[in-house]
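Scroll down for the structure; my scribbles are underneath it.
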4 protein chains.
Amino acid sequence: MNRTRLEAFSDGVLAIIITIMVLEIKVPHGNDFEALKPLIPIVISYILSFIYIGIYWNNHHHMMHTVKHVTGGILWANLHLLFWLSLVPFTTGWIGENHFAPIPMAVYGIVLLMAAIAYFILQTTIIRAQGERSLLARAVGNDIKGKMSPIIYSLAIASNFVSQWISGALYVLVALIWLIPDKRIEIILRSENEHK
Amino acid sequence: MNRTRLEAFSDGVLAIIITIMVLEIKVPHGNDFEALKPLIPIVISYILSFIYIGIYWNNHHHMMHTVKHVTGGILWANLHLLFWLSLVPFTTGWIGENHFAPIPMAVYGIVLLMAAIAYFILQTTIIRAQGERSLLARAVGNDIKGKMSPIIYSLAIASNFVSQWISGALYVLVALIWLIPDKRIEIILRSENEHK
Amino acid sequence: MNRTRLEAFSDGVLAIIITIMVLEIKVPHGNDFEALKPLIPIVISYILSFIYIGIYWNNHHHMMHTVKHVTGGILWANLHLLFWLSLVPFTTGWIGENHFAPIPMAVYGIVLLMAAIAYFILQTTIIRAQGERSLLARAVGNDIKGKMSPIIYSLAIASNFVSQWISGALYVLVALIWLIPDKRIEIILRSENEHK
Amino acid sequence: MNRTRLEAFSDGVLAIIITIMVLEIKVPHGNDFEALKPLIPIVISYILSFIYIGIYWNNHHHMMHTVKHVTGGILWANLHLLFWLSLVPFTTGWIGENHFAPIPMAVYGIVLLMAAIAYFILQTTIIRAQGERSLLARAVGNDIKGKMSPIIYSLAIASNFVSQWISGALYVLVALIWLIPDKRIEIILRSENEHK
């Protein structure tokens, strides 16, 4: 059993998630710049979530590259991740429509936190299926980013009791941390190829 | 004629089905937890159907793996299955919006029953195209799950005359039965590979 | 340049077209069978169009199989076909919502006629790119189905001046003609393989 | 790391963008030709944008064909391009609903301009990753079309202060310029193959 179809299905779901978010930017009735003003927070939340889904797709792409044999466990861990990511368009629309109000911002963070946990479960499932000496196990290493993200998400969720702007800044921070492409797996894979 | 494009198209349709269901979770106007309350039954019905579509994708993935030559019959049996699954977002939205009222719950079951029958037809078409000694014929064996599901669905549809909660419990039961990954095909395929 | 990506893109568009049609079946507010009644014509129009898109996907699948080198002309002839097919969800929704009123039924036929012409253009473009002795040229032969369909569509469009039911019957007739899988290409391809 | 999944994801997103635009053509309540009249500007804007997305898909298809090794930079430059293209359904709907009013027409042009810049960044990123002697670098050459488009877009955006019809004519002009398939890459690739 190969990974091609798992990737194709995940790509399909991620492509749809990233694109249906744009449906939240409803065509306004007016025909001047004034009519675009209420859309500004919706566009900002769209940009943030677009980057998040892009990061997940990017990392998913890298991680799946190390999978040789797809097990039932990997299939379901992957669907579990897609489930949480599928809720992102909803939470994105909610924070956009409510101008980043604290409770929508907290729920936005909870969904991101659950997606991060689901990603971690998927990663662990793959490593367990392949053995501790697997490519992915070595590539992930001590996985600083993966451990930092849930902590920052939790802080972001809690910080909504103080100010939603701290929360927003923390979401942007996580995006920035991940935006730096995951060189780790890339490097290990390249050295692997060189040894062949 | 190979199976790649059949899988790609099915993956596309299943990915869209699983994702457009989330459009039913409409962004609420309020910005507190109160605003999320009416969404609870919709989210629950979404989770149930997400798992169902996931199961179908999973089993479809396994079954298609045994197909070497795609015939016209297989193409249409596959489209027939996708037709019934394409109605799942509608019935999911209907049970969610009506808090699992008996008639929507029965219609939800009818669509699932028709999808199960369509899946059985697809399986039979593949086996007939490949001969009784085919990989799939052996893998499916006496097919307990495949025979149990339509019976439980029928019971679930009928039980709505008594209580929709029995019906709901039975839908969850079928999901649980299938959630256990289909080891049968996996095992046969593996032993096949070992003999090579 | 290979055909893989052309097929992937076409599959994606066709998968989305076939699935967004289901969005026209809006979740009703009532929770009894009465609430489903107004949906009956919408479901019927959905079934008809689902079969039509299925036929196009099926034939597209067969035809593309004969393409070895994708030219710019083939790319644009393919996009032209997808354009007309992308209007099918709209015309489907229109005939469904208006209980098959004559003018929507005529417009439904016009879009189908344009799609048939676009399919013919694509077929001709492929044959011209490959030469008259190509696999497709031989497989298509005198192309009775392909020549009959536009004639029946034209009759169906015109018959709306008399009765939309004649029109509807003719649309079902074309679907039935094509539902019989296109053995021609399958046979030629198979004999081709046997000669190798 | 190969380009297959990057193409698959891009195809998915482009297929969804091109198809969700059709959702803007809302099913009218009337059942006569009168009911279709208000849809005419929406259909015109749909045709224009369909051609634009088709052009981007076409050129993307050609350009990606020259990529052998996908880097993190290419991944993100590609996502950046998809981001701007994902806003096209919104601007398309806006110009359609407002009968090509000047400000929506200007915003339509700004999104196209940003997409053209994003395409240029992606092209530059690929060339930089492959070296100045790469296939793409030679194929692109002095890149007249690529340099002309942003200039015409800028003129089109500015011309809305005079008349939106000049702006519209310029958008059609750019589409026509690109509609002529990009022979450059095709020719270089072919001569490349002949040398092997």
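By order in the structure tokens, chains are A, B, ...; within a chain, residues start at 1; ligands start at 1, following the order shown.
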
Please report, as CSV, each residue of stretch 69-112 of chain C lying at most 12 Å from stretch 164-182 of chain C, together with the nearest pair of atoms and the separation in Å rounded to one decimal; use only C-alpha atoms, and order rows by chain and ascending residue number.
residue,atom,partner,partner_atom,distance
C:Ile95,CA,C:Gly168,CA,10.4
C:Gly96,CA,C:Gly168,CA,12.0
C:Asn98,CA,C:Gln164,CA,11.7
C:His99,CA,C:Gln164,CA,10.0
C:Phe100,CA,C:Gln164,CA,6.8
C:Ala101,CA,C:Gln164,CA,6.7
C:Pro102,CA,C:Gln164,CA,5.1
C:Ile103,CA,C:Gln164,CA,8.6
C:Pro104,CA,C:Gln164,CA,9.4
C:Met105,CA,C:Gln164,CA,6.7
C:Ala106,CA,C:Ser167,CA,7.9
C:Val107,CA,C:Ser167,CA,11.2
C:Tyr108,CA,C:Tyr171,CA,9.5
C:Gly109,CA,C:Tyr171,CA,7.8
C:Ile110,CA,C:Tyr171,CA,11.4
C:Val111,CA,C:Tyr171,CA,12.0
C:Leu112,CA,C:Tyr171,CA,9.2

Output N, CA and C atoms of each residue in that selection to a file, as a PDB file, in the first residue's frame.
ATOM      1  N   ILE C  95     -33.824  24.542 -13.641  1.00  0.00           N
ATOM      2  CA  ILE C  95     -34.961  23.680 -14.029  1.00  0.00           C
ATOM      3  C   ILE C  95     -35.596  23.045 -12.793  1.00  0.00           C
ATOM      4  N   GLY C  96     -34.772  22.733 -11.774  1.00  0.00           N
ATOM      5  CA  GLY C  96     -35.312  22.118 -10.559  1.00  0.00           C
ATOM      6  C   GLY C  96     -36.223  23.075  -9.811  1.00  0.00           C
ATOM      7  N   ASN C  98     -37.839  25.596 -10.901  1.00  0.00           N
ATOM      8  CA  ASN C  98     -39.014  26.026 -11.666  1.00  0.00           C
ATOM      9  C   ASN C  98     -39.814  24.850 -12.215  1.00  0.00           C
ATOM     10  N   HIS C  99     -39.654  23.684 -11.573  1.00  0.00           N
ATOM     11  CA  HIS C  99     -40.429  22.505 -11.961  1.00  0.00           C
ATOM     12  C   HIS C  99     -40.420  22.272 -13.465  1.00  0.00           C
ATOM     13  N   PHE C 100     -39.228  22.337 -14.047  1.00  0.00           N
ATOM     14  CA  PHE C 100     -39.044  22.002 -15.464  1.00  0.00           C
ATOM     15  C   PHE C 100     -39.862  22.893 -16.402  1.00  0.00           C
ATOM     16  N   ALA C 101     -39.918  24.187 -16.095  1.00  0.00           N
ATOM     17  CA  ALA C 101     -40.614  25.142 -16.959  1.00  0.00           C
ATOM     18  C   ALA C 101     -39.916  25.196 -18.319  1.00  0.00           C
ATOM     19  N   PRO C 102     -40.667  25.520 -19.411  1.00  0.00           N
ATOM     20  CA  PRO C 102     -40.112  25.419 -20.770  1.00  0.00           C
ATOM     21  C   PRO C 102     -38.807  26.194 -20.994  1.00  0.00           C
ATOM     22  N   ILE C 103     -38.755  27.467 -20.569  1.00  0.00           N
ATOM     23  CA  ILE C 103     -37.560  28.249 -20.903  1.00  0.00           C
ATOM     24  C   ILE C 103     -36.327  27.734 -20.156  1.00  0.00           C
ATOM     25  N   PRO C 104     -36.415  27.496 -18.831  1.00  0.00           N
ATOM     26  CA  PRO C 104     -35.249  26.856 -18.198  1.00  0.00           C
ATOM     27  C   PRO C 104     -34.858  25.535 -18.870  1.00  0.00           C
ATOM     28  N   MET C 105     -35.845  24.746 -19.264  1.00  0.00           N
ATOM     29  CA  MET C 105     -35.534  23.467 -19.921  1.00  0.00           C
ATOM     30  C   MET C 105     -34.798  23.696 -21.244  1.00  0.00           C
ATOM     31  N   ALA C 106     -35.192  24.750 -21.980  1.00  0.00           N
ATOM     32  CA  ALA C 106     -34.509  25.051 -23.241  1.00  0.00           C
ATOM     33  C   ALA C 106     -33.072  25.490 -22.979  1.00  0.00           C
ATOM     34  N   VAL C 107     -32.885  26.341 -21.962  1.00  0.00           N
ATOM     35  CA  VAL C 107     -31.535  26.818 -21.640  1.00  0.00           C
ATOM     36  C   VAL C 107     -30.667  25.650 -21.161  1.00  0.00           C
ATOM     37  N   TYR C 108     -31.275  24.743 -20.401  1.00  0.00           N
ATOM     38  CA  TYR C 108     -30.576  23.525 -19.965  1.00  0.00           C
ATOM     39  C   TYR C 108     -30.039  22.777 -21.187  1.00  0.00           C
ATOM     40  N   GLY C 109     -30.900  22.682 -22.217  1.00  0.00           N
ATOM     41  CA  GLY C 109     -30.509  21.992 -23.448  1.00  0.00           C
ATOM     42  C   GLY C 109     -29.430  22.735 -24.218  1.00  0.00           C
ATOM     43  N   ILE C 110     -29.516  24.075 -24.206  1.00  0.00           N
ATOM     44  CA  ILE C 110     -28.511  24.863 -24.935  1.00  0.00           C
ATOM     45  C   ILE C 110     -27.124  24.627 -24.335  1.00  0.00           C
ATOM     46  N   VAL C 111     -27.049  24.613 -23.008  1.00  0.00           N
ATOM     47  CA  VAL C 111     -25.762  24.370 -22.354  1.00  0.00           C
ATOM     48  C   VAL C 111     -25.252  22.962 -22.687  1.00  0.00           C
ATOM     49  N   LEU C 112     -26.155  21.984 -22.690  1.00  0.00           N
ATOM     50  CA  LEU C 112     -25.747  20.615 -23.040  1.00  0.00           C
ATOM     51  C   LEU C 112     -25.283  20.546 -24.495  1.00  0.00           C
TER      52      LEU C 112
END

>> Show me, as a ChimeraX atom specification, every residue of chain A with an atom at most 6 Å from chain D, counting only C-alpha atoms.
In response: /A:11,15,27,32,181

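Straight-line separation from atom CA of C:Leu122 to atom CA of C:Ile74: 6.4 Å.
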
>> Report as a PyMOL selection string all protein, DNA and RNA residues lying within 10 Å of C:Gln130, evaluated on only C-alpha atoms, omitting residues in the same chain fewer than 4 positions from it.
In response: chain C and resi 66-69+124-126+134-137

Next, write the just-selected residues to a file, as a compact mmCIF listing (two decimals), in the first residue's frame, keeping N, CA and C atoms as the atom set.
# COMPACT_ATOMS: atom_id res chain seq x y z
N THR C 66 -6.05 8.09 -25.09
CA THR C 66 -5.41 7.92 -26.40
C THR C 66 -4.42 9.05 -26.69
N VAL C 67 -4.40 10.07 -25.79
CA VAL C 67 -3.53 11.23 -26.02
C VAL C 67 -2.13 10.93 -25.49
N LYS C 68 -1.14 11.18 -26.33
CA LYS C 68 0.22 10.98 -25.85
C LYS C 68 0.92 12.31 -25.64
N HIS C 69 0.64 13.26 -26.51
CA HIS C 69 1.31 14.56 -26.44
C HIS C 69 0.25 15.66 -26.33
N THR C 124 -11.83 16.49 -32.17
CA THR C 124 -11.25 16.82 -33.47
C THR C 124 -9.82 17.35 -33.29
N THR C 125 -9.63 18.18 -32.25
CA THR C 125 -8.31 18.75 -31.98
C THR C 125 -7.30 17.64 -31.68
N ILE C 126 -7.73 16.65 -30.89
CA ILE C 126 -6.84 15.55 -30.55
C ILE C 126 -6.49 14.75 -31.81
N SER C 134 -4.56 7.84 -36.19
CA SER C 134 -4.36 7.72 -34.74
C SER C 134 -5.35 6.73 -34.15
N LEU C 135 -5.04 6.34 -32.91
CA LEU C 135 -5.87 5.43 -32.14
C LEU C 135 -7.28 5.98 -32.02
N LEU C 136 -7.37 7.27 -31.64
CA LEU C 136 -8.68 7.86 -31.40
C LEU C 136 -9.49 7.93 -32.69
N ALA C 137 -8.82 8.33 -33.79
CA ALA C 137 -9.53 8.44 -35.07
C ALA C 137 -10.18 7.11 -35.44

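For the atom pair formed by atom CA of B:Gly131 and atom CA of B:His65, the distance is 15.8 Å, given to one decimal.
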
>> Give me, as a ChimeraX atom specification, the residues of stretch 25-153 of chain A that a backbone DSSP run labels alpha helix (DSSP H).
In response: /A:33-36,40-64,72-86,88-97,102-130,135-140,144-153

Take the residues that were just selected and, keeping C-alpha atoms, output them as a JSON list (two decimals), in the first residue's frame.
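Result went into again-v8.json, see below:
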[["chain", "number", "residue", "atom", "x", "y", "z"],
["A", 33, "PHE", "CA", -14.08, 51.59, -1.29],
["A", 34, "GLU", "CA", -16.48, 52.21, 1.60],
["A", 35, "ALA", "CA", -18.15, 48.89, 0.74],
["A", 36, "LEU", "CA", -14.84, 47.06, 1.22],
["A", 40, "ILE", "CA", -11.00, 44.22, 6.20],
["A", 41, "PRO", "CA", -11.08, 42.04, 9.37],
["A", 42, "ILE", "CA", -12.44, 39.14, 7.28],
["A", 43, "VAL", "CA", -9.56, 39.49, 4.80],
["A", 44, "ILE", "CA", -7.01, 39.71, 7.64],
["A", 45, "SER", "CA", -8.37, 36.53, 9.26],
["A", 46, "TYR", "CA", -8.35, 34.89, 5.81],
["A", 47, "ILE", "CA", -4.67, 35.76, 5.28],
["A", 48, "LEU", "CA", -3.74, 34.35, 8.71],
["A", 49, "SER", "CA", -5.61, 31.08, 8.15],
["A", 50, "PHE", "CA", -4.37, 30.79, 4.56],
["A", 51, "ILE", "CA", -0.82, 30.87, 5.92],
["A", 52, "TYR", "CA", -1.71, 28.31, 8.62],
["A", 53, "ILE", "CA", -3.24, 25.86, 6.12],
["A", 54, "GLY", "CA", -0.26, 26.50, 3.83],
["A", 55, "ILE", "CA", 2.11, 25.62, 6.69],
["A", 56, "TYR", "CA", 0.18, 22.42, 7.42],
["A", 57, "TRP", "CA", 0.20, 21.45, 3.76],
["A", 58, "ASN", "CA", 3.91, 22.21, 3.55],
["A", 59, "ASN", "CA", 4.82, 20.19, 6.66],
["A", 60, "HIS", "CA", 2.42, 17.40, 5.70],
["A", 61, "HIS", "CA", 4.18, 17.25, 2.33],
["A", 62, "HIS", "CA", 7.54, 16.87, 4.04],
["A", 63, "MET", "CA", 6.37, 14.35, 6.62],
["A", 64, "MET", "CA", 4.49, 12.10, 4.19],
["A", 72, "GLY", "CA", -4.68, 1.84, 9.07],
["A", 73, "GLY", "CA", -3.43, 3.86, 12.03],
["A", 74, "ILE", "CA", -1.77, 6.43, 9.75],
["A", 75, "LEU", "CA", -4.94, 6.71, 7.64],
["A", 76, "TRP", "CA", -7.08, 7.53, 10.67],
["A", 77, "ALA", "CA", -4.52, 9.80, 12.33],
["A", 78, "ASN", "CA", -4.44, 11.70, 9.04],
["A", 79, "LEU", "CA", -8.25, 11.96, 8.87],
["A", 80, "HIS", "CA", -8.24, 13.16, 12.48],
["A", 81, "LEU", "CA", -5.87, 15.99, 11.50],
["A", 82, "LEU", "CA", -8.03, 16.87, 8.48],
["A", 83, "PHE", "CA", -11.09, 16.99, 10.72],
["A", 84, "TRP", "CA", -9.65, 19.74, 12.93],
["A", 85, "LEU", "CA", -8.29, 21.65, 9.95],
["A", 86, "SER", "CA", -11.74, 21.46, 8.32],
["A", 88, "VAL", "CA", -10.60, 26.37, 10.45],
["A", 89, "PRO", "CA", -12.83, 28.06, 7.79],
["A", 90, "PHE", "CA", -15.60, 28.26, 10.42],
["A", 91, "THR", "CA", -13.43, 29.76, 13.17],
["A", 92, "THR", "CA", -11.78, 32.06, 10.61],
["A", 93, "GLY", "CA", -15.16, 33.39, 9.53],
["A", 94, "TRP", "CA", -16.19, 33.78, 13.17],
["A", 95, "ILE", "CA", -13.20, 35.89, 14.25],
["A", 96, "GLY", "CA", -13.46, 37.94, 11.04],
["A", 97, "GLU", "CA", -17.16, 38.73, 11.42],
["A", 102, "PRO", "CA", -12.11, 37.44, 22.69],
["A", 103, "ILE", "CA", -14.30, 34.31, 22.68],
["A", 104, "PRO", "CA", -14.12, 33.68, 18.92],
["A", 105, "MET", "CA", -10.35, 34.27, 19.20],
["A", 106, "ALA", "CA", -10.13, 31.68, 21.98],
["A", 107, "VAL", "CA", -12.15, 29.14, 19.95],
["A", 108, "TYR", "CA", -9.91, 29.86, 16.94],
["A", 109, "GLY", "CA", -6.95, 28.94, 19.14],
["A", 110, "ILE", "CA", -8.62, 25.80, 20.50],
["A", 111, "VAL", "CA", -9.11, 24.47, 16.96],
["A", 112, "LEU", "CA", -5.47, 25.28, 16.11],
["A", 113, "LEU", "CA", -4.35, 23.59, 19.32],
["A", 114, "MET", "CA", -6.36, 20.47, 18.49],
["A", 115, "ALA", "CA", -4.89, 20.46, 14.95],
["A", 116, "ALA", "CA", -1.38, 20.72, 16.43],
["A", 117, "ILE", "CA", -2.12, 17.79, 18.74],
["A", 118, "ALA", "CA", -3.56, 15.82, 15.80],
["A", 119, "TYR", "CA", -0.41, 16.56, 13.80],
["A", 120, "PHE", "CA", 1.71, 15.34, 16.70],
["A", 121, "ILE", "CA", -0.38, 12.13, 16.92],
["A", 122, "LEU", "CA", 0.06, 11.56, 13.18],
["A", 123, "GLN", "CA", 3.81, 12.11, 13.48],
["A", 124, "THR", "CA", 4.04, 9.71, 16.40],
["A", 125, "THR", "CA", 1.94, 7.10, 14.57],
["A", 126, "ILE", "CA", 4.23, 7.25, 11.55],
["A", 127, "ILE", "CA", 7.38, 6.97, 13.68],
["A", 128, "ARG", "CA", 5.91, 4.05, 15.63],
["A", 129, "ALA", "CA", 5.03, 2.26, 12.36],
["A", 130, "GLN", "CA", 8.56, 2.76, 11.05],
["A", 135, "LEU", "CA", 13.96, 8.71, 8.64],
["A", 136, "LEU", "CA", 11.20, 10.77, 10.24],
["A", 137, "ALA", "CA", 12.31, 10.00, 13.82],
["A", 138, "ARG", "CA", 15.79, 11.29, 13.03],
["A", 139, "ALA", "CA", 14.49, 14.25, 11.02],
["A", 140, "VAL", "CA", 12.09, 15.40, 13.74],
["A", 144, "ILE", "CA", 11.34, 22.25, 19.21],
["A", 145, "LYS", "CA", 8.75, 23.86, 16.92],
["A", 146, "GLY", "CA", 6.29, 21.02, 17.45],
["A", 147, "LYS", "CA", 6.60, 21.33, 21.22],
["A", 148, "MET", "CA", 6.50, 25.14, 21.28],
["A", 149, "SER", "CA", 3.35, 25.55, 19.16],
["A", 150, "PRO", "CA", 0.83, 23.95, 21.57],
["A", 151, "ILE", "CA", 2.32, 25.94, 24.45],
["A", 152, "ILE", "CA", 1.99, 29.23, 22.55],
["A", 153, "TYR", "CA", -1.55, 28.28, 21.44]]
